[in-house]
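Take a look at the structure below.
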Amino acid sequence: MQDDYLTIATTRPETLFGDTAVAVNPEDERYSKYIGKMAIVPLTFGRHVPIISDKYVDKDFGTGVLKISPGHDHNDYLLARKLGLPILNVMNKDATLNEVAGLYCGLDRFEARKKLWSDLEETGLAVKKEAYNLRVPRSQRGGEIVEPLISKQWFVTMEPLAEKALKAVEKGELTIMPERFEKIYKHWLSNIKDWCISRQLWWGHRIPVWYIVGKDSEEEYIVARNGEEALEKAQEKYGKHVEIYQDPDVLDTWFSSGLWPFSTLGWPDVSAEDFKRFYPTSILETGHDILFFWVARMVMMGIEFTGTVPFTNVYLHGLIRDSQGRKMSKTLGNVIDPLDTIQEYGTDALRFTLALGTPGQDLNLSVERLASNKAFTNKLWNAGKFILQNLPSKSDLSSWEALSIYKFDTVESLLKLPLAERWVVSKLHILIDTVTSSYDKYFFGDVGRELYDFFWADFADWYIEASKARLYHSESQSRASVAQSVLLYVFGNILKMLHPFMPFVTEELWQALPSREEALMASAWPLTSLPRHVESIKQFENLQALVSFF
């Protein structure tokens, strides 16, 4: 059998120096006779590896024979751990081959690949070379091809933590919006793996582990809150002359971020004022793309270290993409700078545009959307300007007294109004209930669209126009007063409901209205369940249809 061979397909031949087995499918009759025998790894001066069988091998993929390189492939690593195979690392951290590669030691991985293939061809061990498309992992920053590399790291056992985080959702202690993301959350936590929390970076929270000088770092180490505590523990165990040094690695940034809800509030001192007042909080708002990285980990750590979930509701917004639905990137040149956007369209128009998105759904941002909402902002400003220009002068006390007699919180007071006023006030009261309910349910996109439609289609296009007949062509002060009073009442409530979306223009307009002694952001929310007259709404809609017809 020494002259026989197994043909293996690979895209990374340089890793053969790290092969510790050759695997075939136990049901593959082509190779059944080789199972249990040994194979010689090419160009290794006769190193032997076992030929094993495992159902993990897809007999229809490639040649049906798999080289097992546990030090340089995640799946091979798991298989090696299961079967007790040795693990060899052939690569240095600078992507050059190490001494395990023998004569190829010191060569860059790609140089080694070329030389190795050339040597295989020269010795007649290469069968053929053909093009093959595959997904290659690359560095996010520099674009370099990333190589799997075995190394010693710190891990957290996640299953016990995940179990508690799953129960929090099942018991209703935590609600994720939109609801469809609960399935993703549950799937991830149900299939969670141990978490590698150590990173070899120059910045971050240091791993809180200290080693003993002269001792095996894998066997002798101390975990402490700080260096002083670590030294004290070390002296108790090893004597007062012991020397220690801290692990140079730092924590994964998501580990540090996962502690944020309580670590910023004075924890572990649970009697701290900030901790007692702000933990747990009611809602977390973040992007759907970090549901796993951040949200789930905050939940797990919050329960583990404080006994409670850090928040009761999670609201997930979508990502902002360009007008064609592509992710914004410098490479594509499609990044929209928010500062430039604010300069051209205004902060409120940008905020309103972004807030109209559907929860958890990505938003395609275009200049057309921004231009449309800039026009909406201008329309709001012009409506405020119109109202202010048509109010009595401050010195006209009798006119202001006439305005103050109109109330809108009872059915009787509503029915005393003319048709146009009954219609717009009734529509406003319905809107307040609808918007308040949508706000309570976190349906912010619905809120924005409802307010947009009412302000533009009902208030600006119809009621303001209807009010002009009373303001410009009425000889009766009472007819002008009712229009002025309704304009102030409806517009003031519109500003209140729009304020979370457009805080700057609404606050400016609110401060310009008469008798506004407090800031809009500190004013009371509009009352709900106020009277409305359905028959008046129908009557005015018939009038609208008639006007539109002609």
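The way I read the labels, and the way they are meant: chains A, B, ... in the order of the structure tokens, residue 1 as the first residue of every chain, and ligand 1 as the first ligand shown, with later ones counted on from there.
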* To do: May I have the residues within 12 Å of Gly384 of chain A as a list in words, using only C-alpha atoms and disregarding those fewer than 6 positions away in the same chain?
  => Thr377, Asn378, Asn390, Leu391, Phe455, Phe459, Ala460, Ile464, Leu487, Leu488, Val490, Phe491, Gly492, Ile494, Leu495, Val505, Thr506, Glu507, Glu508, Leu509, Trp510, Gln511, Ala512, Leu513 and Pro514 of chain A
Exercise: segment 64-77 of chain A partners within 6 Å, only C-alpha atoms, chain neighbours under 4 positions left out, as a PDB file with C-alpha atoms, in the first residue's frame:
ATOM      1  CA  ILE A   8      -7.114  15.852  -1.509  1.00  0.00           C
ATOM      2  CA  GLY A  18      -0.296  21.249  10.279  1.00  0.00           C
ATOM      3  CA  ASP A  19      -2.357  18.250   9.145  1.00  0.00           C
ATOM      4  CA  THR A  20      -2.857  15.713  11.922  1.00  0.00           C
ATOM      5  CA  ALA A  21      -5.266  13.320  10.167  1.00  0.00           C
ATOM      6  CA  VAL A  22      -6.969  12.504   6.879  1.00  0.00           C
ATOM      7  CA  ALA A  23     -10.737  11.960   7.115  1.00  0.00           C
ATOM      8  CA  VAL A  24     -13.287  10.207   4.905  1.00  0.00           C
ATOM      9  CA  LYS A  59     -18.365  12.507   0.375  1.00  0.00           C
ATOM     10  CA  ASP A  60     -19.744  14.522  -2.548  1.00  0.00           C
ATOM     11  CA  ILE A  87      -3.162  20.311  17.131  1.00  0.00           C
ATOM     12  CA  LEU A  88      -0.277  21.826  15.167  1.00  0.00           C
ATOM     13  CA  ASN A  89       0.235  25.507  14.415  1.00  0.00           C
ATOM     14  CA  PRO A 148      -7.502  31.088  11.501  1.00  0.00           C
ATOM     15  CA  LEU A 149      -4.782  30.677  14.129  1.00  0.00           C
ATOM     16  CA  ILE A 150      -4.796  28.607  17.278  1.00  0.00           C
TER      17      ILE A 150
END
Find the nearest atom pair between each residue of segment 229-291 of chain A and segment 355-371 of chain A for residues within 10 Å, count only C-alpha atoms, give distances in Å to one decimal, sort rows by chain and ascending number, and present the table as JSON lines.
{"residue": "A:Thr286", "atom": "CA", "partner": "A:Gly360", "partner_atom": "CA", "distance": 9.6}
{"residue": "A:Gly287", "atom": "CA", "partner": "A:Gly360", "partner_atom": "CA", "distance": 7.5}
{"residue": "A:His288", "atom": "CA", "partner": "A:Gly360", "partner_atom": "CA", "distance": 5.9}
{"residue": "A:Asp289", "atom": "CA", "partner": "A:Gly360", "partner_atom": "CA", "distance": 9.1}
* Got a sec: who's within 7 Å of segment 253-259 of chain A, counting only C-alpha atoms, leaving out chain neighbours fewer than 6 positions off, as a count of residues only? -> 7
* Nearest to Ser151 of chain A: which of A:Thr63, A:Glu163, A:Arg199, A:Trp260 is it, counting only C-alpha atoms? ->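 With only C-alpha atoms as the atom set, the closest residue is A:Arg199.
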* From the list A:Ile176, A:Leu231, A:Leu417, A:Leu83, which residue is nearest Val314 of chain A when using only C-alpha atoms? -> A:Ile176
* Asked: DSSP says strand (DSSP E or B) for which residues of segment 78-214 of chain A? Put them as an NGL selection string?
  -> :A and (91 or 96-97 or 108 or 138 or 145 or 155-156 or 175-177 or 195-196 or 198-199 or 206 or 209-212)
* To do: Determine, counting only C-alpha atoms, which protein, DNA and RNA residues have an atom within 12 Å of an atom of Leu403 of chain A; residues of the same chain fewer than 6 positions away are not included. Present the result as a list in words.
  =>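 The contact residues come out as Leu391, Pro392, Asp396, Leu397, Gln477, Ser478, Arg479, Ala480, Ser481, Val482, Ala483, Gln484, Ser485, Val486, Leu487, Leu488, Tyr489 and Pro514 of chain A.
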* From a DSSP calculation on the backbone, collect every residue of segment 197-310 of chain A in alpha helix (DSSP H) and output the set as a PyMOL selection string. => chain A and resi 227-238+253-258+260-263+273-278+297-306
Export of the given selection (N, CA and C atoms) as an mmCIF file, in the first residue's frame:
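Ended up saving to part_19.cif:
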data_model
loop_
_atom_site.group_PDB
_atom_site.id
_atom_site.type_symbol
_atom_site.label_atom_id
_atom_site.label_comp_id
_atom_site.auth_asym_id
_atom_site.auth_seq_id
_atom_site.Cartn_x
_atom_site.Cartn_y
_atom_site.Cartn_z
ATOM 1 N N GLY A 227 -4.383 45.767 41.179
ATOM 2 C CA GLY A 227 -3.056 45.274 41.474
ATOM 3 C C GLY A 227 -2.783 45.105 42.951
ATOM 4 N N GLU A 228 -3.282 46.035 43.771
ATOM 5 C CA GLU A 228 -3.051 45.956 45.214
ATOM 6 C C GLU A 228 -3.693 44.705 45.802
ATOM 7 N N GLU A 229 -4.927 44.435 45.376
ATOM 8 C CA GLU A 229 -5.622 43.251 45.869
ATOM 9 C C GLU A 229 -4.926 41.981 45.389
ATOM 10 N N ALA A 230 -4.451 42.005 44.119
ATOM 11 C CA ALA A 230 -3.754 40.836 43.568
ATOM 12 C C ALA A 230 -2.477 40.545 44.347
ATOM 13 N N LEU A 231 -1.715 41.597 44.665
ATOM 14 C CA LEU A 231 -0.467 41.416 45.407
ATOM 15 C C LEU A 231 -0.742 40.887 46.816
ATOM 16 N N GLU A 232 -1.791 41.391 47.431
ATOM 17 C CA GLU A 232 -2.146 40.939 48.775
ATOM 18 C C GLU A 232 -2.485 39.445 48.771
ATOM 19 N N LYS A 233 -3.262 39.030 47.754
ATOM 20 C CA LYS A 233 -3.612 37.616 47.641
ATOM 21 C C LYS A 233 -2.380 36.760 47.375
ATOM 22 N N ALA A 234 -1.501 37.273 46.511
ATOM 23 C CA ALA A 234 -0.292 36.523 46.170
ATOM 24 C C ALA A 234 0.609 36.363 47.392
ATOM 25 N N GLN A 235 0.749 37.418 48.200
ATOM 26 C CA GLN A 235 1.608 37.355 49.388
ATOM 27 C C GLN A 235 1.059 36.380 50.424
ATOM 28 N N GLU A 236 -0.262 36.304 50.520
ATOM 29 C CA GLU A 236 -0.865 35.359 51.450
ATOM 30 C C GLU A 236 -0.524 33.923 51.083
ATOM 31 N N LYS A 237 -0.433 33.677 49.765
ATOM 32 C CA LYS A 237 -0.215 32.308 49.295
ATOM 33 C C LYS A 237 1.251 31.968 49.078
ATOM 34 N N TYR A 238 2.049 32.957 48.613
ATOM 35 C CA TYR A 238 3.432 32.656 48.210
ATOM 36 C C TYR A 238 4.487 33.383 49.054
ATOM 37 N N THR A 253 -14.310 44.414 23.731
ATOM 38 C CA THR A 253 -15.043 45.665 23.989
ATOM 39 C C THR A 253 -16.511 45.414 24.309
ATOM 40 N N TRP A 254 -17.092 44.322 23.748
ATOM 41 C CA TRP A 254 -18.492 44.016 24.035
ATOM 42 C C TRP A 254 -18.661 43.490 25.456
ATOM 43 N N PHE A 255 -17.607 42.924 26.028
ATOM 44 C CA PHE A 255 -17.664 42.517 27.429
ATOM 45 C C PHE A 255 -17.777 43.768 28.305
ATOM 46 N N SER A 256 -16.929 44.738 28.027
ATOM 47 C CA SER A 256 -16.976 45.992 28.791
ATOM 48 C C SER A 256 -18.311 46.697 28.586
ATOM 49 N N SER A 257 -18.787 46.710 27.332
ATOM 50 C CA SER A 257 -20.057 47.370 27.023
ATOM 51 C C SER A 257 -21.221 46.659 27.701
ATOM 52 N N GLY A 258 -21.100 45.344 27.854
ATOM 53 C CA GLY A 258 -22.173 44.587 28.486
ATOM 54 C C GLY A 258 -22.377 44.952 29.944
ATOM 55 N N TRP A 260 -22.132 48.037 31.044
ATOM 56 C CA TRP A 260 -22.444 49.470 31.075
ATOM 57 C C TRP A 260 -23.707 49.844 31.866
ATOM 58 N N PRO A 261 -24.838 49.119 31.733
ATOM 59 C CA PRO A 261 -26.066 49.572 32.404
ATOM 60 C C PRO A 261 -25.928 49.752 33.909
ATOM 61 N N PHE A 262 -25.049 48.967 34.555
ATOM 62 C CA PHE A 262 -24.914 49.094 36.012
ATOM 63 C C PHE A 262 -23.536 49.574 36.460
ATOM 64 N N SER A 263 -22.493 49.313 35.653
ATOM 65 C CA SER A 263 -21.143 49.724 36.066
ATOM 66 C C SER A 263 -20.991 51.238 36.076
ATOM 67 N N GLU A 273 -26.747 56.089 45.023
ATOM 68 C CA GLU A 273 -27.971 56.799 44.658
ATOM 69 C C GLU A 273 -28.323 56.598 43.185
ATOM 70 N N ASP A 274 -27.316 56.712 42.322
ATOM 71 C CA ASP A 274 -27.582 56.547 40.890
ATOM 72 C C ASP A 274 -28.067 55.141 40.578
ATOM 73 N N PHE A 275 -27.480 54.142 41.230
ATOM 74 C CA PHE A 275 -27.890 52.758 40.986
ATOM 75 C C PHE A 275 -29.339 52.548 41.428
ATOM 76 N N LYS A 276 -29.681 53.041 42.580
ATOM 77 C CA LYS A 276 -31.047 52.869 43.092
ATOM 78 C C LYS A 276 -32.072 53.613 42.235
ATOM 79 N N ARG A 277 -31.657 54.746 41.673
ATOM 80 C CA ARG A 277 -32.611 55.560 40.916
ATOM 81 C C ARG A 277 -32.765 55.101 39.468
ATOM 82 N N PHE A 278 -31.666 54.682 38.839
ATOM 83 C CA PHE A 278 -31.703 54.448 37.399
ATOM 84 C C PHE A 278 -31.609 52.978 36.969
ATOM 85 N N ARG A 297 -25.901 40.474 25.648
ATOM 86 C CA ARG A 297 -24.844 40.402 26.658
ATOM 87 C C ARG A 297 -25.132 41.321 27.839
ATOM 88 N N MET A 298 -25.753 42.471 27.595
ATOM 89 C CA MET A 298 -26.168 43.317 28.706
ATOM 90 C C MET A 298 -27.214 42.606 29.554
ATOM 91 N N VAL A 299 -28.126 41.902 28.888
ATOM 92 C CA VAL A 299 -29.162 41.170 29.624
ATOM 93 C C VAL A 299 -28.530 40.072 30.471
ATOM 94 N N MET A 300 -27.634 39.287 29.867
ATOM 95 C CA MET A 300 -26.996 38.194 30.604
ATOM 96 C C MET A 300 -26.194 38.710 31.796
ATOM 97 N N MET A 301 -25.407 39.761 31.582
ATOM 98 C CA MET A 301 -24.577 40.287 32.667
ATOM 99 C C MET A 301 -25.416 40.985 33.729
ATOM 100 N N GLY A 302 -26.458 41.676 33.286
ATOM 101 C CA GLY A 302 -27.331 42.343 34.247
ATOM 102 C C GLY A 302 -27.968 41.352 35.206
ATOM 103 N N ILE A 303 -28.497 40.265 34.655
ATOM 104 C CA ILE A 303 -29.121 39.240 35.500
ATOM 105 C C ILE A 303 -28.084 38.583 36.401
ATOM 106 N N GLU A 304 -26.911 38.278 35.841
ATOM 107 C CA GLU A 304 -25.875 37.572 36.596
ATOM 108 C C GLU A 304 -25.353 38.397 37.769
ATOM 109 N N PHE A 305 -25.136 39.687 37.564
ATOM 110 C CA PHE A 305 -24.471 40.491 38.589
ATOM 111 C C PHE A 305 -25.431 41.294 39.471
ATOM 112 N N THR A 306 -26.656 41.532 38.995
ATOM 113 C CA THR A 306 -27.598 42.316 39.812
ATOM 114 C C THR A 306 -28.873 41.544 40.143
#
* In Å to one decimal, how far is atom CA of Asn92 of chain A from atom CA of Leu116 of chain A? ->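 Atom-to-atom, atom CA of Leu116 of chain A to atom CA of Asn92 of chain A, that is 17.5 Å.
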* **Selection near Ile430 of chain A, 9 Å with only C-alpha atoms, sequence-local residues under 5 positions removed, as a ChimeraX atom specification** => /A:425,435,528-532
Give me a file of those residues, with C-alpha atoms, as a PDB file, in the first residue's frame.
ATOM      1  CA  VAL A 425     -61.161  70.216  16.642  1.00  0.00           C
ATOM      2  CA  VAL A 435     -50.818  59.502  18.397  1.00  0.00           C
ATOM      3  CA  THR A 528     -56.826  62.292  25.686  1.00  0.00           C
ATOM      4  CA  SER A 529     -60.454  61.145  25.316  1.00  0.00           C
ATOM      5  CA  LEU A 530     -61.614  64.674  24.505  1.00  0.00           C
ATOM      6  CA  PRO A 531     -64.985  65.113  22.740  1.00  0.00           C
ATOM      7  CA  ARG A 532     -65.371  64.752  18.986  1.00  0.00           C
TER       8      ARG A 532
END
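Those residues that approach segment 533-549 of chain A to within 9 Å, counting only C-alpha atoms, are Val411, Leu414, Leu415, Leu419, Ala420, Arg422, Trp423, Val424, Val425, Ser426, Lys427 and Trp462 of chain A; same-chain residues fewer than 5 positions away are not listed.
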* For segment 126-133 of chain A, list every protein, DNA or RNA residue within 10 Å, evaluated using only C-alpha atoms, and leave out those in the same chain fewer than 5 positions away; present the list as a VMD selection string. => chain A and resid 7 to 11 116 to 121
Any chance you could export the current selection's C-alpha atoms as an mmCIF file, in the first residue's frame?
data_model
loop_
_atom_site.group_PDB
_atom_site.id
_atom_site.type_symbol
_atom_site.label_atom_id
_atom_site.label_comp_id
_atom_site.auth_asym_id
_atom_site.auth_seq_id
_atom_site.Cartn_x
_atom_site.Cartn_y
_atom_site.Cartn_z
ATOM 1 C CA THR A 7 -6.160 12.803 -3.599
ATOM 2 C CA ILE A 8 -7.114 15.852 -1.509
ATOM 3 C CA ALA A 9 -8.474 19.183 -2.798
ATOM 4 C CA THR A 10 -7.431 22.296 -0.873
ATOM 5 C CA THR A 11 -7.205 26.046 -1.379
ATOM 6 C CA LEU A 116 4.991 24.402 -2.044
ATOM 7 C CA TRP A 117 2.814 23.917 -5.099
ATOM 8 C CA SER A 118 5.833 24.175 -7.350
ATOM 9 C CA ASP A 119 7.599 21.511 -5.291
ATOM 10 C CA LEU A 120 4.524 19.268 -5.372
ATOM 11 C CA GLU A 121 4.421 19.548 -9.156
#
* Asked: Which of these, A:Ser413, A:Arg109, A:Thr264, A:Ala296, has the shortest distance to Ala162 of chain A once you count only C-alpha atoms?
  ->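 Nearest to Ala162 of chain A: A:Ala296.
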